[in-house]
2 protein chains.
Amino acid sequence: MAVMKTRAAKPQRRGNAFDLSEKQLRSRRNSKWSSYGPNVLPAFVAEMDFLVADPIQKAILRSVETGDYGYPVRNGTKAERTVADAFSARMEGRFGWKADPALVQVIGDLVQGTFAAIMAFSEPGDGVILQVPCYPPFRETIVTTQRKLIALTMRDNGRRHIYDLAELEGQIDDRTRVLILCNPQNPTGRVFGRDELAALAAFAQKHDLVVISDEIHSDLIYDGRKHIPFASLSREAAARTVTITSATKSFNIPGLRCGVMHFGALELRDRFAKRIPTRLLGSGNAMGIDATVAAWTQSDAWLDKVMAHLTNARDLLVETVHKELPDIRCHAPEGTYLAWLDCGKLRLNTPAFQFFHDHARVAFSPGENFDPACPQFVRFNFATSLPLIEQILERVVGAVKSPERLESLSYAAK
Amino acid sequence: MAVMKTRAAKPQRRGNAFDLSEKQLRSRRNSKWSSYGPNVLPAFVAEMDFLVADPIQKAILRSVETGDYGYPVRNGTKAERTVADAFSARMEGRFGWKADPALVQVIGDLVQGTFAAIMAFSEPGDGVILQVPCYPPFRETIVTTQRKLIALTMRDNGRRHIYDLAELEGQIDDRTRVLILCNPQNPTGRVFGRDELAALAAFAQKHDLVVISDEIHSDLIYDGRKHIPFASLSREAAARTVTITSATKSFNIPGLRCGVMHFGALELRDRFAKRIPTRLLGSGNAMGIDATVAAWTQSDAWLDKVMAHLTNARDLLVETVHKELPDIRCHAPEGTYLAWLDCGKLRLNTPAFQFFHDHARVAFSPGENFDPACPQFVRFNFATSLPLIEQILERVVGAVKSPERLESLSYAAK
């Protein structure tokens, strides 16, 4: 029998976890650094250009070092349970919310959870309320499952984006079944306050809606604000709420595919399970599970450093835009590492994404992906090094202030 | 900003990949070695006690070394596509079957795929034909989704287990929609021949059934036999066949959760997608994808060594049973690393699983999990070292031949 050679890992590069160079980043095989050519700086898909927390790396290596890729058992039980327990402990520790680990279902990603919840709690033709602009897969979910999209518009009130529930009163009917809440909101960066959420909860109760609450950005909050889990508002709110979250966003492990759905009451879970059997959603993978548990239980020191860095990055971005690009409207996001830039006043003759791609060699996320009415917007992912943010901003300023553009504008104005 | 330390992997132990010691194995955190106490030798769940192939380890380390856990892109496209391509190339290379990679959906595991296919191609109350005894989750799928189980019994003809389609004629009706085929068959170890499969295909055509063909053991075949993919039989057979498979069984990476569903025709895929949106099934995880591609494209030298070892293990098992345990009936499996032991003649007064657990300190899989009518059977997973197989067999022989048991038998006979 042959002797097997098994390769050991080389040490991961050391250095500042938040200052990886463009060269290091371009060697990655992630979506962010693989989707555009070498001359374009990517600032689109929600991945962070940072090294992961050491406890995550350690948790992954524990299995890798022994080639232990079997059906994962942790602490004498199915590994999924460790995710449920870590989620529950974290919700209580960070947000004072008691989430029952027995009402957690481990999923692969939040889009899967959204499809599952919409399919469980509504029928084709039923109405689903969605904040707009929104994370594009939410719209896709509603369209693919043939539900009816009812928009709740996030309107810029000069200081931030807010919604007005009165907008819904004419639109909804007795076939409106589900409300998708995204909090903190992607792409506007809003972190909703208790009053805003309480109004939503009362509305959901009045119209007997199930609330799918995407709280994936809940760790990424600035300026001393507090995230309020929707299901923590009241027992009544919890009983109609499916909370969907994961460690993949705040801890930068989206490719490991691990998230949770939490049902705020047993009855809600049972209604769900009748339509969507647990095993239809697959099983947790060992790497995603171990990384998630390490993230949620041992990686907050890393997260604190990330937030300090992201605060600097956000401030650099917002200050530069306010100072150098007065025709781009941008509120400092209250949460997320995403800025929502309204470029309407630039009077571009292409979608803003295309303009910046072609003239600044920067790839933002196209505004029209978040709302067909928003091609004059882009979403700017600023989870990268300060030098790269500076480069991106320089390119953007250069493109906006280029003589050709100003000339074409003045020509158009004639 | 703090300097991040990232931990490097220690080299995996080297040595004979097929002779890991009991001590090494007990340090694993997999289901096989975590479910019973230190005095029990496990021979149940389908995991192998072997180190994985070096290309798999290398593929995983490539991401781990750089902490690159973002949304995976490989060769400039979504990583799932590399799985589909590797699957297609392997099917053609090994089995001469042209499987269109565009008709592949990457899934987490085969149980998920079975739930999805049953839910897509039948309604509650509809009939699903299942070979019995069978892999327990197939029965679970039928029960959970409220379909009607129609048994196609695998009967021992003295040399092997065979089915007789005549058994079905009285049982099926126009609500019979799906046939689940498991080939190679778990737990009987049958590798079906072309005649057997062609008869099934004709039957499926006659009754317009969708065939869910679980071929997860197709790499694990003995004695020069050939695996025949069901969808390779004819264009007509393909058009009604969902092939479900993965690298997780033959390459020992079940915890990484990656498999494929292949639809034998575009129309079948479209029928499926109308009921089960792609994203309801989640997305492939980077580690599972990379490991699967490495398994299917670079690891056949390892697989050849595994098969040489498993052949020795199987022969040791079967010869010992035939020689030392004449009251246990056991055919040499044609495929899989599982032996199906009929202990009926032992006239045990407990299920055979319980007897061997209590008296031999060996944990097989209980026969009744595969068929409620089979508590006198156990399934023996022999994918372990020869010394461990010898130990297990010694314990079994000791328990069967123990004076207490023989005495109680002779007492019962009076």
# chains A, B, ... in the order shown; residues from 1 in each chain; ligands from 1
$ calpha_fit_and_write --fixed "chain B" --moving "chain A" --output "short mmCIF file (atom, residue, chain, number, x, y, z; two decimals) with C-alpha atoms, in the first residue's frame"
data_model
loop_
_atom_site.label_atom_id
_atom_site.label_comp_id
_atom_site.auth_asym_id
_atom_site.auth_seq_id
_atom_site.Cartn_x
_atom_site.Cartn_y
_atom_site.Cartn_z
CA MET A 1 -4.04 48.79 13.30
CA ALA A 2 -3.03 45.49 14.83
CA VAL A 3 -0.93 43.00 13.00
CA MET A 4 -3.00 39.89 12.38
CA LYS A 5 -1.44 36.57 13.11
CA THR A 6 -2.81 33.79 11.03
CA ARG A 7 -2.13 30.25 11.93
CA ALA A 8 -0.56 27.91 9.41
CA ALA A 9 -1.56 24.28 9.08
CA LYS A 10 0.65 21.61 10.50
CA PRO A 11 1.41 18.82 8.09
CA GLN A 12 -1.21 16.12 8.06
CA ARG A 13 0.17 12.91 9.48
CA ARG A 14 1.83 10.76 6.84
CA GLY A 15 1.74 7.03 6.64
CA ASN A 16 -0.45 4.41 5.12
CA ALA A 17 -3.67 6.13 4.16
CA PHE A 18 -5.62 2.91 4.70
CA ASP A 19 -4.13 1.85 8.00
CA LEU A 20 -5.00 4.69 10.33
CA SER A 21 -4.96 3.38 13.87
CA GLU A 22 -7.97 3.21 16.11
CA LYS A 23 -6.40 5.97 18.21
CA GLN A 24 -6.00 8.24 15.19
CA LEU A 25 -9.54 7.51 14.09
CA ARG A 26 -11.04 8.16 17.50
CA SER A 27 -9.55 11.65 17.45
CA ARG A 28 -11.74 12.46 14.44
CA ARG A 29 -14.86 14.53 14.84
CA ASN A 30 -16.91 12.67 12.26
CA SER A 31 -20.14 10.81 12.81
CA LYS A 32 -18.53 7.38 12.53
CA TRP A 33 -16.10 7.85 15.39
CA SER A 34 -18.17 10.17 17.58
CA SER A 35 -21.45 8.33 17.95
CA TYR A 36 -20.48 5.42 20.21
CA GLY A 37 -18.33 5.00 23.27
CA PRO A 38 -14.65 4.03 23.37
CA ASN A 39 -15.36 0.31 23.70
CA VAL A 40 -17.46 0.06 20.59
CA LEU A 41 -15.99 -0.33 17.09
CA PRO A 42 -18.15 1.56 14.60
CA ALA A 43 -18.96 -0.01 11.24
CA PHE A 44 -22.10 1.88 10.37
CA VAL A 45 -22.37 5.29 8.66
CA ALA A 46 -20.87 5.40 5.15
CA GLU A 47 -17.62 7.19 5.81
CA MET A 48 -14.19 5.73 5.03
CA ASP A 49 -11.38 5.51 7.57
CA PHE A 50 -8.86 6.72 5.00
CA LEU A 51 -6.93 9.91 4.35
CA VAL A 52 -8.25 11.89 1.42
CA ALA A 53 -6.43 12.13 -1.89
CA ASP A 54 -3.58 14.61 -1.99
CA PRO A 55 -5.10 16.69 -4.83
CA ILE A 56 -8.17 17.24 -2.66
CA GLN A 57 -6.06 18.38 0.25
CA LYS A 58 -4.11 20.65 -2.06
CA ALA A 59 -7.26 22.19 -3.53
CA ILE A 60 -8.62 22.98 -0.08
CA LEU A 61 -5.31 24.40 1.11
CA ARG A 62 -5.13 26.76 -1.82
CA SER A 63 -8.00 28.78 -0.37
CA VAL A 64 -7.05 28.20 3.26
CA GLU A 65 -3.49 29.44 2.84
CA THR A 66 -4.69 32.81 1.62
CA GLY A 67 -7.81 32.99 3.79
CA ASP A 68 -9.72 33.35 0.54
CA TYR A 69 -13.26 32.51 1.59
CA GLY A 70 -15.14 34.90 -0.67
CA TYR A 71 -17.80 34.09 -3.26
CA PRO A 72 -15.88 31.53 -5.29
CA VAL A 73 -15.00 32.27 -8.90
CA ARG A 74 -12.94 29.67 -10.76
CA ASN A 75 -11.58 30.00 -14.30
CA GLY A 76 -13.41 33.28 -14.67
CA THR A 77 -16.86 31.89 -13.95
CA LYS A 78 -19.10 30.87 -11.06
CA ALA A 79 -17.40 27.98 -9.32
CA GLU A 80 -20.44 25.70 -9.63
CA ARG A 81 -19.72 25.52 -13.34
CA THR A 82 -16.40 23.79 -12.66
CA VAL A 83 -18.31 21.06 -10.81
CA ALA A 84 -20.70 20.63 -13.73
CA ASP A 85 -17.83 20.46 -16.18
CA ALA A 86 -15.87 17.97 -14.06
CA PHE A 87 -18.97 15.80 -13.68
CA SER A 88 -19.63 15.80 -17.40
CA ALA A 89 -16.03 14.99 -18.32
CA ARG A 90 -15.94 12.20 -15.75
CA MET A 91 -19.17 10.60 -16.93
CA GLU A 92 -17.86 10.52 -20.47
CA GLY A 93 -14.40 9.32 -19.50
CA ARG A 94 -15.46 6.57 -17.13
CA PHE A 95 -18.82 5.49 -18.48
CA GLY A 96 -18.98 6.76 -22.04
CA TRP A 97 -22.00 8.84 -21.13
CA LYS A 98 -22.33 12.36 -22.52
CA ALA A 99 -23.96 14.37 -19.75
CA ASP A 100 -24.63 18.01 -20.61
CA PRO A 101 -22.99 20.28 -18.00
CA ALA A 102 -25.64 22.91 -18.73
CA LEU A 103 -28.24 20.51 -17.28
CA VAL A 104 -26.42 20.11 -13.97
CA GLN A 105 -27.57 21.69 -10.73
CA VAL A 106 -25.06 21.70 -7.89
CA ILE A 107 -26.64 20.63 -4.59
CA GLY A 108 -25.47 20.10 -1.03
CA ASP A 109 -26.20 16.43 -0.69
CA LEU A 110 -28.16 13.62 -2.30
CA VAL A 111 -30.96 13.63 0.23
CA GLN A 112 -31.63 17.25 -0.68
CA GLY A 113 -31.68 16.27 -4.34
CA THR A 114 -34.11 13.44 -3.67
CA PHE A 115 -36.51 15.67 -1.75
CA ALA A 116 -36.30 18.26 -4.51
CA ALA A 117 -36.96 15.79 -7.32
CA ILE A 118 -39.85 14.08 -5.53
CA MET A 119 -41.44 17.43 -4.71
CA ALA A 120 -40.97 18.63 -8.29
CA PHE A 121 -42.31 15.56 -10.06
CA SER A 122 -45.15 14.38 -7.83
CA GLU A 123 -47.89 15.59 -5.51
CA PRO A 124 -48.84 14.43 -2.02
CA GLY A 125 -50.63 11.10 -2.32
CA ASP A 126 -48.81 10.14 -5.53
CA GLY A 127 -46.92 6.87 -5.66
CA VAL A 128 -43.13 6.56 -5.53
CA ILE A 129 -41.51 3.20 -6.29
CA LEU A 130 -38.55 2.38 -4.09
CA GLN A 131 -36.24 -0.62 -3.97
CA VAL A 132 -36.46 -2.14 -0.51
CA PRO A 133 -34.31 -2.51 1.57
CA CYS A 134 -33.03 0.99 0.86
CA TYR A 135 -30.93 3.86 2.09
CA PRO A 136 -33.09 5.13 5.00
CA PRO A 137 -33.46 8.78 3.87
CA PHE A 138 -35.27 7.64 0.71
CA ARG A 139 -38.06 6.23 2.84
CA GLU A 140 -37.97 9.38 4.97
CA THR A 141 -38.35 11.52 1.85
CA ILE A 142 -41.44 9.64 0.71
CA VAL A 143 -43.02 9.72 4.16
CA THR A 144 -42.20 13.37 4.88
CA THR A 145 -43.57 14.57 1.57
CA GLN A 146 -46.70 12.43 2.04
CA ARG A 147 -46.15 10.35 -1.06
CA LYS A 148 -47.17 6.70 -1.17
CA LEU A 149 -44.34 4.19 -0.96
CA ILE A 150 -44.56 1.35 -3.45
CA ALA A 151 -41.97 -1.29 -2.60
CA LEU A 152 -39.90 -3.13 -5.17
CA THR A 153 -38.33 -5.84 -3.07
CA MET A 154 -34.72 -6.87 -3.46
CA ARG A 155 -34.97 -10.65 -2.99
CA ASP A 156 -32.06 -12.97 -2.29
CA ASN A 157 -32.01 -15.58 -5.05
CA GLY A 158 -29.19 -17.50 -3.40
CA ARG A 159 -26.46 -15.69 -5.31
CA ARG A 160 -27.49 -12.07 -5.19
CA HIS A 161 -30.42 -9.74 -4.61
CA ILE A 162 -32.71 -9.17 -7.56
CA TYR A 163 -36.00 -7.43 -8.14
CA ASP A 164 -39.00 -8.65 -10.08
CA LEU A 165 -40.98 -5.91 -11.80
CA ALA A 166 -44.03 -8.18 -11.87
CA GLU A 167 -44.35 -7.39 -8.17
CA LEU A 168 -45.29 -3.83 -9.12
CA GLU A 169 -48.05 -4.55 -11.58
CA GLY A 170 -50.75 -4.92 -8.96
CA GLN A 171 -49.51 -2.01 -6.88
CA ILE A 172 -49.12 0.90 -9.21
CA ASP A 173 -51.77 3.11 -10.77
CA ASP A 174 -52.01 6.32 -12.74
CA ARG A 175 -50.87 8.32 -9.73
CA THR A 176 -47.54 6.50 -9.61
CA ARG A 177 -45.09 9.15 -10.77
CA VAL A 178 -41.56 8.43 -9.66
CA LEU A 179 -39.17 5.51 -9.39
CA ILE A 180 -36.12 5.82 -7.16
CA LEU A 181 -33.26 3.69 -8.41
CA CYS A 182 -30.17 3.21 -6.29
CA ASN A 183 -27.34 1.76 -8.37
CA PRO A 184 -25.01 0.40 -7.08
CA GLN A 185 -27.64 -0.51 -4.54
CA ASN A 186 -27.27 0.37 -0.87
CA PRO A 187 -27.40 -1.85 1.21
CA THR A 188 -27.32 -4.99 -0.98
CA GLY A 189 -24.23 -4.00 -2.95
CA ARG A 190 -25.83 -4.94 -6.27
CA VAL A 191 -24.44 -3.41 -9.46
CA PHE A 192 -27.27 -3.77 -11.93
CA GLY A 193 -26.59 -5.15 -15.38
CA ARG A 194 -27.78 -3.74 -18.67
CA ASP A 195 -30.69 -6.18 -18.93
CA GLU A 196 -31.98 -5.32 -15.48
CA LEU A 197 -31.72 -1.60 -16.19
CA ALA A 198 -33.27 -1.88 -19.64
CA ALA A 199 -36.27 -3.64 -18.12
CA LEU A 200 -36.61 -0.80 -15.61
CA ALA A 201 -36.35 1.76 -18.40
CA ALA A 202 -39.09 0.04 -20.39
CA PHE A 203 -41.23 -0.09 -17.28
CA ALA A 204 -40.63 3.60 -16.58
CA GLN A 205 -41.55 4.44 -20.15
CA LYS A 206 -44.70 2.30 -20.07
CA HIS A 207 -45.91 4.01 -16.91
CA ASP A 208 -44.45 7.44 -17.70
CA LEU A 209 -42.36 7.61 -14.53
CA VAL A 210 -39.61 10.03 -13.67
CA VAL A 211 -36.55 8.07 -12.53
CA ILE A 212 -34.40 9.45 -9.74
CA SER A 213 -31.16 7.54 -10.17
CA ASP A 214 -28.85 7.66 -7.17
CA GLU A 215 -25.45 6.65 -8.52
CA ILE A 216 -23.29 7.86 -5.64
CA HIS A 217 -21.47 4.51 -5.37
CA SER A 218 -20.68 4.26 -9.08
CA ASP A 219 -16.92 4.53 -8.56
CA LEU A 220 -16.90 1.66 -6.08
CA ILE A 221 -17.27 -1.43 -8.26
CA TYR A 222 -15.49 -4.79 -7.96
CA ASP A 223 -14.37 -7.66 -10.17
CA GLY A 224 -14.21 -5.79 -13.44
CA ARG A 225 -17.93 -5.01 -13.47
CA LYS A 226 -19.08 -1.85 -15.21
CA HIS A 227 -21.38 0.80 -13.87
CA ILE A 228 -24.05 1.82 -16.38
CA PRO A 229 -25.55 5.27 -15.80
CA PHE A 230 -29.30 4.92 -16.16
CA ALA A 231 -29.49 8.03 -18.34
CA SER A 232 -26.96 6.47 -20.73
CA LEU A 233 -29.35 3.67 -21.70
CA SER A 234 -31.17 5.66 -24.35
CA ARG A 235 -32.31 9.15 -25.18
CA GLU A 236 -35.79 8.13 -24.05
CA ALA A 237 -34.50 6.94 -20.67
CA ALA A 238 -32.40 10.09 -20.24
CA ALA A 239 -35.37 12.35 -20.88
CA ARG A 240 -37.09 11.01 -17.75
CA THR A 241 -34.02 10.63 -15.53
CA VAL A 242 -32.61 12.81 -12.80
CA THR A 243 -29.17 11.45 -11.98
CA ILE A 244 -27.97 12.31 -8.49
CA THR A 245 -24.38 11.77 -7.49
CA SER A 246 -21.37 13.29 -5.79
CA ALA A 247 -17.71 12.76 -5.07
CA THR A 248 -18.38 12.68 -1.36
CA LYS A 249 -18.80 8.90 -1.05
CA SER A 250 -15.90 7.58 -3.16
CA PHE A 251 -13.53 10.33 -2.10
CA ASN A 252 -14.57 10.51 1.54
CA ILE A 253 -15.57 14.14 1.83
CA PRO A 254 -19.24 13.96 2.93
CA GLY A 255 -18.92 16.84 5.41
CA LEU A 256 -17.98 19.22 2.60
CA ARG A 257 -21.49 18.91 1.14
CA CYS A 258 -21.33 19.03 -2.60
CA GLY A 259 -23.25 16.96 -5.12
CA VAL A 260 -24.99 17.25 -8.44
CA MET A 261 -28.38 16.67 -9.99
CA HIS A 262 -28.29 16.09 -13.73
CA PHE A 263 -31.43 16.35 -15.83
CA GLY A 264 -31.42 14.13 -18.89
CA ALA A 265 -33.31 16.65 -21.00
CA LEU A 266 -33.93 20.37 -21.03
CA GLU A 267 -37.67 19.84 -20.69
CA LEU A 268 -37.17 17.80 -17.52
CA ARG A 269 -34.95 20.52 -16.05
CA ASP A 270 -37.56 23.16 -16.89
CA ARG A 271 -40.36 21.13 -15.30
CA PHE A 272 -38.18 20.84 -12.20
CA ALA A 273 -37.24 24.52 -12.07
CA LYS A 274 -40.89 25.60 -12.21
CA ARG A 275 -41.51 23.81 -8.92
CA ILE A 276 -38.12 24.12 -7.24
CA PRO A 277 -36.25 27.35 -7.98
CA THR A 278 -32.49 26.89 -8.21
CA ARG A 279 -31.75 29.23 -5.35
CA LEU A 280 -34.12 27.43 -2.98
CA LEU A 281 -31.45 24.73 -2.97
CA GLY A 282 -28.69 27.10 -1.87
CA SER A 283 -25.31 27.66 -3.49
CA GLY A 284 -22.20 25.54 -3.63
CA ASN A 285 -19.62 26.17 -0.93
CA ALA A 286 -16.07 26.89 -2.01
CA MET A 287 -14.45 23.99 -0.14
CA GLY A 288 -16.92 21.40 -1.35
CA ILE A 289 -16.63 22.65 -4.90
CA ASP A 290 -12.84 22.71 -5.01
CA ALA A 291 -12.59 19.31 -3.32
CA THR A 292 -15.11 17.78 -5.70
CA VAL A 293 -13.38 19.10 -8.79
CA ALA A 294 -10.02 17.85 -7.50
CA ALA A 295 -11.59 14.47 -6.76
CA TRP A 296 -13.21 14.08 -10.15
CA THR A 297 -10.32 15.36 -12.21
CA GLN A 298 -7.09 14.45 -10.38
CA SER A 299 -7.67 11.72 -7.84
CA ASP A 300 -8.15 8.47 -9.74
CA ALA A 301 -4.73 7.11 -8.76
CA TRP A 302 -5.86 7.40 -5.14
CA LEU A 303 -9.19 5.79 -6.03
CA ASP A 304 -7.42 2.84 -7.65
CA LYS A 305 -5.52 2.26 -4.41
CA VAL A 306 -8.72 2.54 -2.42
CA MET A 307 -10.38 -0.06 -4.64
CA ALA A 308 -7.43 -2.44 -4.26
CA HIS A 309 -7.69 -2.06 -0.50
CA LEU A 310 -11.48 -2.38 -0.45
CA THR A 311 -11.28 -5.54 -2.54
CA ASN A 312 -8.99 -7.06 0.06
CA ALA A 313 -11.25 -5.87 2.84
CA ARG A 314 -14.35 -7.26 1.17
CA ASP A 315 -12.73 -10.61 0.52
CA LEU A 316 -11.48 -10.86 4.09
CA LEU A 317 -14.96 -10.09 5.36
CA VAL A 318 -16.85 -12.46 3.08
CA GLU A 319 -14.39 -15.33 3.49
CA THR A 320 -14.44 -15.00 7.26
CA VAL A 321 -18.21 -14.90 7.40
CA HIS A 322 -18.54 -17.91 5.10
CA LYS A 323 -15.99 -19.87 7.08
CA GLU A 324 -16.61 -18.84 10.68
CA LEU A 325 -20.22 -17.71 10.64
CA PRO A 326 -22.18 -20.12 8.46
CA ASP A 327 -25.46 -18.95 9.99
CA ILE A 328 -24.88 -15.44 8.66
CA ARG A 329 -25.80 -15.16 5.02
CA CYS A 330 -23.72 -12.71 3.02
CA HIS A 331 -23.08 -12.24 -0.69
CA ALA A 332 -19.91 -10.48 -1.74
CA PRO A 333 -21.08 -7.01 -2.73
CA GLU A 334 -20.56 -6.19 -6.40
CA GLY A 335 -20.15 -2.52 -5.50
CA THR A 336 -20.10 -0.15 -2.48
CA TYR A 337 -18.08 -0.74 0.70
CA LEU A 338 -21.13 -2.12 2.44
CA ALA A 339 -22.04 -5.73 3.17
CA TRP A 340 -25.60 -6.75 3.93
CA LEU A 341 -25.60 -9.52 6.52
CA ASP A 342 -28.67 -11.69 7.00
CA CYS A 343 -28.48 -12.98 10.57
CA GLY A 344 -31.90 -14.63 10.54
CA LYS A 345 -30.51 -18.10 11.10
CA LEU A 346 -28.83 -16.96 14.31
CA ARG A 347 -32.33 -16.83 15.83
CA LEU A 348 -31.45 -13.82 17.95
CA ASN A 349 -34.03 -12.61 20.43
CA THR A 350 -33.18 -8.96 19.79
CA PRO A 351 -32.58 -7.06 16.56
CA ALA A 352 -29.20 -8.08 15.15
CA PHE A 353 -27.86 -4.53 15.56
CA GLN A 354 -28.62 -4.63 19.27
CA PHE A 355 -27.11 -8.08 19.69
CA PHE A 356 -23.80 -7.08 18.09
CA HIS A 357 -23.75 -3.76 19.89
CA ASP A 358 -24.31 -5.37 23.29
CA HIS A 359 -22.37 -8.60 22.87
CA ALA A 360 -19.67 -7.81 20.29
CA ARG A 361 -19.25 -4.09 21.00
CA VAL A 362 -19.57 -3.46 17.29
CA ALA A 363 -21.96 -0.85 15.89
CA PHE A 364 -23.31 -1.86 12.50
CA SER A 365 -26.21 -0.08 10.80
CA PRO A 366 -29.50 -1.64 11.98
CA GLY A 367 -31.25 -3.62 9.24
CA GLU A 368 -34.63 -2.24 10.28
CA ASN A 369 -33.48 1.23 9.20
CA PHE A 370 -33.32 -0.09 5.63
CA ASP A 371 -36.54 -2.08 5.82
CA PRO A 372 -38.80 -2.45 8.85
CA ALA A 373 -39.00 -6.15 7.97
CA CYS A 374 -35.25 -6.62 8.34
CA PRO A 375 -34.30 -6.36 12.04
CA GLN A 376 -32.41 -9.63 11.60
CA PHE A 377 -30.03 -7.85 9.16
CA VAL A 378 -27.16 -5.46 9.70
CA ARG A 379 -25.13 -3.42 7.23
CA PHE A 380 -21.38 -3.67 7.66
CA ASN A 381 -19.26 -0.73 6.43
CA PHE A 382 -15.89 -2.31 5.67
CA ALA A 383 -14.04 0.84 4.52
CA THR A 384 -11.47 0.61 7.27
CA SER A 385 -8.09 -0.97 7.87
CA LEU A 386 -7.64 -4.72 7.62
CA PRO A 387 -6.63 -4.95 11.30
CA LEU A 388 -9.85 -3.21 12.32
CA ILE A 389 -11.93 -5.49 10.09
CA GLU A 390 -10.21 -8.45 11.73
CA GLN A 391 -10.99 -7.06 15.17
CA ILE A 392 -14.62 -6.47 14.25
CA LEU A 393 -14.95 -9.98 12.82
CA GLU A 394 -13.25 -11.51 15.86
CA ARG A 395 -15.70 -9.74 18.14
CA VAL A 396 -18.63 -10.85 16.02
CA VAL A 397 -17.45 -14.45 15.90
CA GLY A 398 -16.87 -14.35 19.65
CA ALA A 399 -20.39 -13.08 20.32
CA VAL A 400 -22.04 -15.54 17.97
CA LYS A 401 -20.10 -18.49 19.37
CA SER A 402 -20.23 -17.46 23.01
CA PRO A 403 -21.28 -20.26 25.38
CA GLU A 404 -24.06 -18.08 26.83
CA ARG A 405 -25.62 -17.58 23.44
CA LEU A 406 -25.35 -21.22 22.42
CA GLU A 407 -26.79 -22.25 25.75
CA SER A 408 -29.75 -19.88 25.40
CA LEU A 409 -30.33 -21.19 21.90
CA SER A 410 -30.33 -24.78 23.02
CA TYR A 411 -32.64 -23.80 25.88
CA ALA A 412 -34.99 -22.09 23.44
CA ALA A 413 -34.95 -25.18 21.20
CA LYS A 414 -36.15 -27.44 23.98
#
$ select_by_dssp --residues "segment 176-368 of chain B" --states "strand (DSSP E or B)" --output "number ranges by chain"
B: 176-182, 210-214, 221, 241-245, 259-263, 329, 335, 338-342, 362-363, 365-366
$ write_last_selection --atoms "C-alpha atoms" --output "mmCIF file, in the first residue's frame"
data_model
loop_
_atom_site.group_PDB
_atom_site.id
_atom_site.type_symbol
_atom_site.label_atom_id
_atom_site.label_comp_id
_atom_site.auth_asym_id
_atom_site.auth_seq_id
_atom_site.Cartn_x
_atom_site.Cartn_y
_atom_site.Cartn_z
ATOM 1 C CA THR B 176 -47.532 6.526 -9.612
ATOM 2 C CA ARG B 177 -45.098 9.167 -10.763
ATOM 3 C CA VAL B 178 -41.548 8.445 -9.651
ATOM 4 C CA LEU B 179 -39.173 5.522 -9.384
ATOM 5 C CA ILE B 180 -36.127 5.833 -7.148
ATOM 6 C CA LEU B 181 -33.276 3.699 -8.403
ATOM 7 C CA CYS B 182 -30.175 3.213 -6.285
ATOM 8 C CA VAL B 210 -39.593 10.045 -13.668
ATOM 9 C CA VAL B 211 -36.548 8.074 -12.532
ATOM 10 C CA ILE B 212 -34.402 9.462 -9.731
ATOM 11 C CA SER B 213 -31.175 7.545 -10.167
ATOM 12 C CA ASP B 214 -28.860 7.675 -7.158
ATOM 13 C CA ILE B 221 -17.262 -1.410 -8.232
ATOM 14 C CA THR B 241 -34.015 10.631 -15.536
ATOM 15 C CA VAL B 242 -32.603 12.819 -12.800
ATOM 16 C CA THR B 243 -29.172 11.449 -11.985
ATOM 17 C CA ILE B 244 -27.980 12.318 -8.491
ATOM 18 C CA THR B 245 -24.398 11.768 -7.482
ATOM 19 C CA GLY B 259 -23.256 16.971 -5.108
ATOM 20 C CA VAL B 260 -24.998 17.257 -8.459
ATOM 21 C CA MET B 261 -28.391 16.654 -9.993
ATOM 22 C CA HIS B 262 -28.289 16.091 -13.728
ATOM 23 C CA PHE B 263 -31.429 16.346 -15.831
ATOM 24 C CA ARG B 329 -25.804 -15.147 5.016
ATOM 25 C CA GLY B 335 -20.137 -2.521 -5.478
ATOM 26 C CA LEU B 338 -21.123 -2.105 2.454
ATOM 27 C CA ALA B 339 -22.033 -5.718 3.175
ATOM 28 C CA TRP B 340 -25.586 -6.753 3.932
ATOM 29 C CA LEU B 341 -25.595 -9.525 6.513
ATOM 30 C CA ASP B 342 -28.662 -11.690 6.995
ATOM 31 C CA VAL B 362 -19.569 -3.487 17.290
ATOM 32 C CA ALA B 363 -21.963 -0.860 15.891
ATOM 33 C CA SER B 365 -26.216 -0.076 10.804
ATOM 34 C CA PRO B 366 -29.499 -1.644 11.973
#
$ select_by_dssp --residues "segment 122-307 of chain B" --states "helix (DSSP H, G or I)" --output "PyMOL selection string"
chain B and resi 136-144+166-169+194-206+230-232+235-238+254-256+266-275+278-281+286-298+300-307
